[in-house]
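Peer 1: Provided herewith: input-v8.txt, compact mmCIF, C-alpha atoms and all ligand atoms.
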# COMPACT_ATOMS: atom_id res chain seq x y z
CA MET A 1 3.52 21.12 10.30
CA THR A 2 1.78 17.81 9.75
CA ASN A 3 4.88 16.29 8.28
CA SER A 4 7.49 17.82 10.52
CA ASN A 5 9.71 15.52 12.49
CA GLN A 6 8.04 16.85 15.61
CA ALA A 7 4.56 15.90 14.37
CA ILE A 8 5.82 12.41 13.48
CA LYS A 9 7.36 12.01 16.92
CA GLU A 10 4.20 13.22 18.68
CA ALA A 11 2.05 10.78 16.73
CA ALA A 12 4.46 7.91 17.48
CA ALA A 13 4.67 8.86 21.17
CA TYR A 14 0.87 8.74 21.45
CA ILE A 15 0.76 5.31 19.80
CA ASN A 16 3.55 4.04 22.07
CA SER A 17 1.58 5.25 25.08
CA LYS A 18 -1.28 2.94 24.02
CA SER A 19 0.67 -0.16 23.00
CA ASN A 20 3.72 -2.14 24.11
CA ILE A 21 4.27 -3.57 20.63
CA ILE A 22 7.39 -2.44 18.78
CA PRO A 23 6.32 -3.21 15.23
CA GLU A 24 8.83 -4.49 12.68
CA VAL A 25 6.51 -4.78 9.69
CA GLY A 26 4.05 -2.12 8.50
CA LEU A 27 0.93 -3.09 6.58
CA ILE A 28 -1.19 -0.90 4.31
CA LEU A 29 -3.81 -3.16 2.83
CA GLY A 30 -6.12 -2.01 0.08
CA SER A 31 -9.72 -2.84 -0.68
CA GLY A 32 -10.73 -6.31 0.40
CA LEU A 33 -7.95 -7.19 2.84
CA GLY A 34 -9.11 -5.22 5.86
CA ILE A 35 -10.25 -8.58 7.24
CA LEU A 36 -6.62 -9.28 8.10
CA ALA A 37 -7.24 -7.04 11.10
CA GLU A 38 -9.22 -9.87 12.66
CA LEU A 39 -6.17 -12.13 12.53
CA ILE A 40 -3.94 -9.80 14.51
CA GLU A 41 -3.18 -11.27 17.94
CA ASN A 42 -2.71 -9.37 21.18
CA GLY A 43 -3.98 -6.39 19.26
CA VAL A 44 -4.47 -2.79 20.25
CA THR A 45 -6.73 -0.60 18.12
CA ILE A 46 -6.26 3.14 17.94
CA SER A 47 -8.64 5.45 16.13
CA TYR A 48 -6.91 7.77 13.63
CA GLN A 49 -8.83 10.68 15.07
CA ASP A 50 -7.14 10.17 18.45
CA ILE A 51 -3.60 10.22 17.03
CA PRO A 52 -2.06 13.70 16.99
CA HIS A 53 -1.57 15.07 13.45
CA PHE A 54 -3.09 11.98 11.82
CA PRO A 55 -5.38 12.63 8.85
CA VAL A 56 -8.90 11.19 9.02
CA SER A 57 -10.27 8.92 6.29
CA THR A 58 -13.26 10.11 4.27
CA VAL A 59 -14.09 7.14 2.03
CA GLU A 60 -17.01 4.97 2.97
CA GLY A 61 -16.02 1.44 3.89
CA HIS A 62 -12.45 2.44 4.69
CA GLU A 63 -12.24 2.54 8.43
CA GLY A 64 -9.82 4.82 10.16
CA GLU A 65 -7.95 2.70 12.65
CA LEU A 66 -4.39 1.77 13.39
CA LEU A 67 -3.84 -1.73 14.74
CA LEU A 68 -0.78 -3.03 16.54
CA GLY A 69 -0.21 -6.65 17.44
CA THR A 70 1.36 -9.83 16.16
CA ILE A 71 0.76 -12.00 13.12
CA LYS A 72 2.34 -15.44 13.38
CA GLY A 73 4.67 -14.05 16.01
CA ARG A 74 5.74 -11.02 13.98
CA ALA A 75 5.10 -7.59 15.49
CA VAL A 76 3.10 -5.51 13.03
CA VAL A 77 1.36 -2.19 12.69
CA MET A 78 -1.53 -2.11 10.26
CA MET A 79 -3.51 0.73 8.77
CA LYS A 80 -7.17 -0.09 8.52
CA GLY A 81 -8.09 2.48 5.93
CA ARG A 82 -5.59 4.45 3.88
CA PHE A 83 -5.56 7.97 2.51
CA HIS A 84 -5.92 8.73 -1.18
CA MET A 85 -5.08 11.90 -3.01
CA TYR A 86 -8.50 11.84 -4.70
CA GLU A 87 -9.99 12.49 -1.27
CA GLY A 88 -8.26 15.85 -1.38
CA TYR A 89 -5.18 15.07 0.66
CA GLY A 90 -1.77 16.18 -0.49
CA PRO A 91 0.73 13.41 -1.28
CA GLU A 92 2.67 14.12 1.93
CA THR A 93 -0.51 13.65 3.98
CA THR A 94 -1.34 10.29 2.37
CA ALA A 95 2.16 9.13 3.32
CA PHE A 96 2.33 10.62 6.84
CA PRO A 97 1.40 7.27 8.46
CA VAL A 98 4.41 5.64 6.77
CA ARG A 99 6.68 8.12 8.52
CA VAL A 100 4.99 7.34 11.80
CA MET A 101 5.42 3.60 11.20
CA ASN A 102 9.10 4.21 10.56
CA GLU A 103 9.35 6.15 13.81
CA LEU A 104 7.69 3.25 15.64
CA GLY A 105 10.48 0.94 14.47
CA VAL A 106 9.15 -0.64 11.30
CA LYS A 107 11.85 -1.95 8.94
CA SER A 108 9.73 -3.20 6.07
CA LEU A 109 6.41 -2.23 4.54
CA LEU A 110 3.81 -4.35 2.78
CA VAL A 111 1.43 -2.37 0.57
CA THR A 112 -1.44 -3.90 -1.33
CA ASN A 113 -4.04 -2.43 -3.63
CA ALA A 114 -6.70 -3.20 -6.18
CA ALA A 115 -5.62 -2.29 -9.69
CA GLY A 116 -6.85 -2.40 -13.26
CA GLY A 117 -5.01 -4.79 -15.58
CA VAL A 118 -3.27 -2.85 -18.36
CA ASN A 119 -1.27 -5.85 -19.56
CA THR A 120 -3.74 -7.76 -21.76
CA THR A 121 -2.31 -11.14 -20.73
CA TYR A 122 -3.54 -10.51 -17.18
CA GLU A 123 -6.90 -11.67 -15.90
CA PRO A 124 -9.12 -10.31 -13.16
CA GLY A 125 -8.21 -12.18 -9.99
CA ASP A 126 -4.48 -12.33 -10.78
CA LEU A 127 -2.10 -11.14 -8.11
CA MET A 128 0.80 -8.98 -9.31
CA LEU A 129 4.01 -8.36 -7.42
CA ILE A 130 4.89 -4.74 -8.10
CA SER A 131 8.35 -4.66 -9.65
CA ASP A 132 8.40 -0.89 -10.12
CA HIS A 133 6.04 2.04 -10.41
CA LEU A 134 5.27 4.97 -12.65
CA ASN A 135 4.41 8.03 -10.59
CA MET A 136 1.73 9.60 -12.80
CA THR A 137 0.22 11.74 -10.06
CA GLY A 138 2.09 14.84 -11.19
CA THR A 139 3.28 15.42 -7.67
CA ASN A 140 5.55 13.95 -5.02
CA PRO A 141 5.29 13.65 -1.23
CA LEU A 142 8.88 14.87 -0.80
CA ILE A 143 8.30 18.27 -2.40
CA GLY A 144 9.38 21.03 -0.03
CA PRO A 145 12.34 21.54 2.26
CA ASN A 146 14.08 18.25 3.04
CA ASP A 147 14.60 17.26 6.66
CA ALA A 148 17.87 15.30 6.63
CA ASP A 149 16.71 13.43 9.75
CA LEU A 150 13.97 11.85 7.62
CA GLY A 151 16.06 10.98 4.58
CA VAL A 152 18.21 12.35 1.77
CA ARG A 153 17.19 15.14 -0.59
CA PHE A 154 17.36 12.98 -3.72
CA PRO A 155 16.41 9.43 -2.80
CA ASP A 156 17.41 6.55 -5.05
CA MET A 157 14.36 4.79 -6.51
CA SER A 158 16.19 2.21 -8.64
CA GLN A 159 15.03 -0.66 -6.43
CA ALA A 160 11.95 0.80 -4.81
CA TYR A 161 10.33 -2.63 -4.58
CA SER A 162 12.68 -5.08 -2.90
CA ARG A 163 13.96 -7.88 -5.10
CA ARG A 164 14.46 -10.02 -2.03
CA LEU A 165 10.85 -9.63 -0.88
CA ARG A 166 9.52 -10.18 -4.39
CA ALA A 167 11.45 -13.46 -4.68
CA LEU A 168 10.14 -14.46 -1.28
CA ALA A 169 6.54 -13.67 -2.22
CA LYS A 170 6.86 -15.53 -5.51
CA GLU A 171 8.21 -18.65 -3.80
CA THR A 172 5.52 -18.41 -1.16
CA ALA A 173 2.77 -18.20 -3.80
CA GLN A 174 4.21 -21.19 -5.64
CA SER A 175 4.40 -23.22 -2.47
CA ARG A 176 0.70 -22.41 -2.00
CA GLY A 177 0.01 -23.76 -5.48
CA PHE A 178 -0.47 -20.65 -7.59
CA ASP A 179 1.60 -18.29 -9.68
CA VAL A 180 1.81 -14.52 -9.50
CA GLN A 181 2.39 -11.88 -12.14
CA GLU A 182 5.16 -9.38 -11.78
CA GLY A 183 4.85 -5.93 -13.29
CA VAL A 184 4.85 -2.16 -13.24
CA TYR A 185 2.14 -0.24 -11.34
CA ALA A 186 1.11 3.16 -12.66
CA GLY A 187 -0.26 5.37 -9.89
CA LEU A 188 -2.72 8.06 -10.99
CA LEU A 189 -4.71 10.62 -9.03
CA GLY A 190 -8.22 9.42 -9.83
CA PRO A 191 -11.02 9.44 -8.84
CA THR A 192 -12.18 8.84 -12.41
CA TYR A 193 -11.15 5.56 -13.93
CA GLU A 194 -8.94 6.09 -16.96
CA THR A 195 -10.09 6.65 -20.51
CA PRO A 196 -9.26 3.95 -23.07
CA ALA A 197 -6.77 6.40 -24.65
CA GLU A 198 -5.02 6.83 -21.31
CA ILE A 199 -4.74 3.05 -20.97
CA VAL A 200 -3.18 2.81 -24.45
CA MET A 201 -0.69 5.47 -23.35
CA LEU A 202 0.06 3.73 -20.05
CA ARG A 203 0.70 0.42 -21.81
CA ALA A 204 3.01 2.16 -24.28
CA ILE A 205 5.10 3.63 -21.47
CA GLY A 206 5.45 0.33 -19.67
CA ALA A 207 2.57 -0.04 -17.21
CA ASP A 208 1.09 -3.45 -16.45
CA ALA A 209 -1.47 -2.27 -13.92
CA VAL A 210 -3.07 1.01 -12.89
CA GLY A 211 -4.44 2.32 -9.63
CA MET A 212 -5.01 5.35 -7.42
CA SER A 213 -2.83 4.70 -4.38
CA THR A 214 0.52 3.37 -3.23
CA VAL A 215 3.10 5.55 -5.03
CA SER A 216 3.32 8.33 -2.44
CA GLU A 217 3.45 5.79 0.38
CA VAL A 218 6.28 3.92 -1.31
CA ILE A 219 8.23 7.10 -2.09
CA VAL A 220 8.13 8.09 1.58
CA ALA A 221 8.98 4.54 2.66
CA ARG A 222 12.08 4.56 0.44
CA HIS A 223 13.03 8.02 1.68
CA ALA A 224 12.97 6.54 5.18
CA GLY A 225 14.99 3.49 4.07
CA LEU A 226 12.21 0.92 4.50
CA GLU A 227 12.22 -2.26 2.44
CA VAL A 228 9.00 -2.45 0.40
CA LEU A 229 6.85 -5.27 -0.91
CA GLY A 230 3.90 -4.24 -3.09
CA ILE A 231 1.15 -6.55 -4.30
CA SER A 232 -1.73 -5.61 -6.59
CA CYS A 233 -4.92 -7.56 -6.96
CA ILE A 234 -5.96 -7.22 -10.61
CA SER A 235 -9.61 -6.49 -9.97
CA ASN A 236 -10.70 -5.66 -13.51
CA MET A 237 -9.28 -5.17 -16.95
CA ALA A 238 -8.44 -1.50 -17.49
CA ALA A 239 -10.67 0.77 -19.55
CA GLY A 240 -11.17 -0.05 -23.23
CA ILE A 241 -9.82 -3.62 -23.07
CA LEU A 242 -13.24 -5.19 -22.68
CA ASP A 243 -16.41 -3.71 -24.13
CA GLN A 244 -17.91 -2.93 -20.75
CA PRO A 245 -17.88 -0.05 -18.29
CA LEU A 246 -15.73 -0.14 -15.16
CA SER A 247 -17.33 -0.03 -11.77
CA HIS A 248 -16.34 -0.05 -8.13
CA GLY A 249 -18.76 -2.97 -7.79
CA GLU A 250 -16.63 -5.11 -10.09
CA VAL A 251 -13.49 -4.12 -8.17
CA MET A 252 -15.08 -5.15 -4.87
CA GLU A 253 -16.46 -8.40 -6.32
CA THR A 254 -13.08 -9.51 -7.61
CA THR A 255 -11.16 -8.59 -4.48
CA GLU A 256 -13.80 -10.52 -2.52
CA ARG A 257 -13.45 -13.54 -4.83
CA VAL A 258 -9.64 -13.77 -4.45
CA ARG A 259 -9.53 -12.72 -0.82
CA GLU A 260 -8.62 -16.16 0.56
CA LYS A 261 -5.76 -16.55 -1.92
CA PHE A 262 -4.50 -13.02 -1.29
CA LEU A 263 -4.83 -13.36 2.47
CA GLY A 264 -3.03 -16.72 2.50
CA LEU A 265 -0.10 -15.25 0.58
CA VAL A 266 0.12 -12.18 2.79
CA LEU A 267 -0.11 -14.24 5.98
CA ASP A 268 2.70 -16.54 4.87
CA VAL A 269 4.92 -13.68 3.71
CA ILE A 270 4.64 -11.43 6.77
CA PRO A 271 6.63 -13.65 9.18
CA GLN A 272 9.46 -13.81 6.64
CA MET A 273 9.66 -10.08 5.97
N1 LIG A 301 -8.08 2.03 -12.66
C1 LIG A 301 -7.64 2.73 -11.59
N2 LIG A 301 -7.74 2.28 -10.35
C2 LIG A 301 -8.27 1.08 -10.17
C3 LIG A 301 -8.74 0.29 -11.22
C4 LIG A 301 -8.64 0.80 -12.56
O1 LIG A 301 -9.02 0.17 -13.56
N3 LIG A 301 -9.23 -0.87 -10.70
C5 LIG A 301 -9.04 -0.77 -9.35
N4 LIG A 301 -8.47 0.39 -9.02
Take the structure I supplied and represent it as structure tokens, if you would.
Peer 2:
Amino acid sequence: MTNSNQAIKEAAAYINSKSNIIPEVGLILGSGLGILAELIENGVTISYQDIPHFPVSTVEGHEGELLLGTIKGRAVVMMKGRFHMYEGYGPETTAFPVRVMNELGVKSLLVTNAAGGVNTTYEPGDLMLISDHLNMTGTNPLIGPNDADLGVRFPDMSQAYSRRLRALAKETAQSRGFDVQEGVYAGLLGPTYETPAEIVMLRAIGADAVGMSTVSEVIVARHAGLEVLGISCISNMAAGILDQPLSHGEVMETTERVREKFLGLVLDVIPQM
């Protein structure tokens, strides 16, 4: 039921009853960028728990609110707090908000995340434009009967991450005086960080970064025909690269350290999306 067209429409209708904004850009911002919420103008905040059929976030520090408003004149809808499969949600549940965003009128989606650097030339603090992903979750949000109103049965994923938006983000970064990496994001279930052996495997199969979100959201976005821009903040080197344990503390520290840079890029890109 949660993912039926009717549930999507009921969620969107509730949101529309609370806000006059018709958003064009959807934002799902990972750890560290929630502060962008404060920069939304003319904003309306809606608690996830008030939206029919919406899942409720369980992770500490991830708030459960949907914000609608404008950023530099662009109408946006932003998720403050996203859903991860490691919380126990199915892939279709983690991506339900993307379907609702689509129903609200969104044409393009910006997703960001914190990720471990698998590519050894990367450094913590680098920003990586996602050029493609490896879905290593072992599942897919589109499993089950396909509703043709939501998209085709077998969606093309050959350009899941828009070339146009990547070029735009790269130029924007350069005009702000820094360079970005571009690479492949491997999405795993978590919640454990990977073993060193898993990182060796991921590198061998073409991953540049690894994380625990994003892939199901992007699959559903592409199913709905949304143009996607994905940006990872390399928050740590992946397991086994450095002789030190991984911790959520390190991830938070790095995302905090590069927040201004990341925020500046995102703020400049949104009006052009
Ligand atoms: N692995 C998986 N997810 C992550 C990592 C990592 O090293 N860093 C931040 N999110």
Peer 1: How would you report the residues lying within 7 Å of ligand LIG 301 (chain A), as a list in words, if you count all atoms listed in the file?
Peer 2: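 If we count all atoms listed in the file, the neighbours of ligand LIG 301 (chain A) turn out to be Ala114, Ala115, Gly116, Gly117, Gly190, Tyr193, Glu194, Val210, Gly211, Met212, Ser235, Asn236, Met237, Ala238, Ala239, Leu246 and Val251 of chain A.
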Peer 1: Within 9 Å of Leu68 in chain A, counting only C-alpha atoms, which residues show up once you throw out same-chain ones fewer than 4 positions away? Write them as a compact mmCIF listing (two decimals) with C-alpha atoms, in the coordinates of the input, please.
Peer 2:
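Output below, filename selection32.txt:
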# COMPACT_ATOMS: atom_id res chain seq x y z
CA SER A 19 0.67 -0.16 23.00
CA ASN A 20 3.72 -2.14 24.11
CA ILE A 21 4.27 -3.57 20.63
CA ILE A 22 7.39 -2.44 18.78
CA PRO A 23 6.32 -3.21 15.23
CA ILE A 40 -3.94 -9.80 14.51
CA GLU A 41 -3.18 -11.27 17.94
CA ASN A 42 -2.71 -9.37 21.18
CA GLY A 43 -3.98 -6.39 19.26
CA VAL A 44 -4.47 -2.79 20.25
CA THR A 45 -6.73 -0.60 18.12
CA ILE A 46 -6.26 3.14 17.94
CA ALA A 75 5.10 -7.59 15.49
CA VAL A 76 3.10 -5.51 13.03
CA VAL A 77 1.36 -2.19 12.69
CA MET A 78 -1.53 -2.11 10.26
Peer 1: I'd like to know which of A:Phe54, A:Tyr48, A:Phe262, A:Tyr86 is closest to Gly34 in chain A, using only C-alpha atoms.
Peer 2: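 Counting only C-alpha atoms, the residue closest to Gly34 in chain A is A:Phe262.
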Peer 1: Just give me the gap between CA of Leu66 in chain A and CA of Met79 in chain A in Å, one decimal is fine.
Peer 2: 4.8 Å
Peer 1: Would you pick out the contacts of Leu129 in chain A at 12 Å or less, using all atoms listed in the file, so that residues sharing its chain but fewer than 4 positions from it are not included, and give the list as an MDAnalysis selection string?
Peer 2: chainID A and resid 110:115 133 161:173 179:185 208:209 228:234 262 265:266
Peer 1: So, counting only C-alpha atoms, which residue among A:Arg176, A:Arg222, A:His53, A:Lys80 is closest to Phe154 in chain A?
Peer 2: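 Of the candidates, the smallest distance to Phe154 in chain A is held by A:Arg222.
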Peer 1: From the options A:Gly32, A:Val200, A:Val220, A:Gln159, which residue's atoms come nearest to Gly249 in chain A, counting all atoms listed in the file?
Peer 2: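 Smallest separation from Gly249 in chain A among the options: A:Gly32.
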Peer 1: What is the distance, in Å and to one decimal place, between CA of Gly144 in chain A and CA of His223 in chain A?
Peer 2: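 Answer for the CA of Gly144 in chain A to CA of His223 in chain A separation: 13.6 Å.
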Peer 1: Specify the axis-aligned box that encloses all atoms of range 265-270 of chain A listed in the file after padding of 8 Å on each side, stating its centre and edge lengths in Å to one decimal as lines of an AutoDock Vina configuration file.
Peer 2:
center_x = 2.4
center_y = -14.0
center_z = 3.7
size_x = 21.0
size_y = 21.1
size_z = 22.2
Peer 1: Rank nothing, just name the residue among A:Ser247, A:Gln6, A:Thr192, A:Gln49 nearest to Glu103 in chain A, using only C-alpha atoms.
Peer 2: A:Gln6
Peer 1: Looking at all atoms listed in the file, which of A:Gln174, A:Thr214, A:Thr195, A:Thr93 is the one that sits closest to Leu109 in chain A?
Peer 2: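 Looking at the shortest contact to Leu109 in chain A, the residue is A:Thr214.
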Peer 1: Using all atoms listed in the file for the distances, tell me which of A:Ala160, A:Ala12, A:Val118, A:Val269 is nearest to Leu242 in chain A.
Peer 2: A:Val118
Peer 1: Write out as a ChimeraX atom specification which residues come within 12 Å of Ala221 in chain A when counting only C-alpha atoms, dropping same-chain ones fewer than 4 positions away.
Peer 2: /A:25-28,92,94-103,106-111,141-142,150-151,155-157,160-162,214-217,225-230
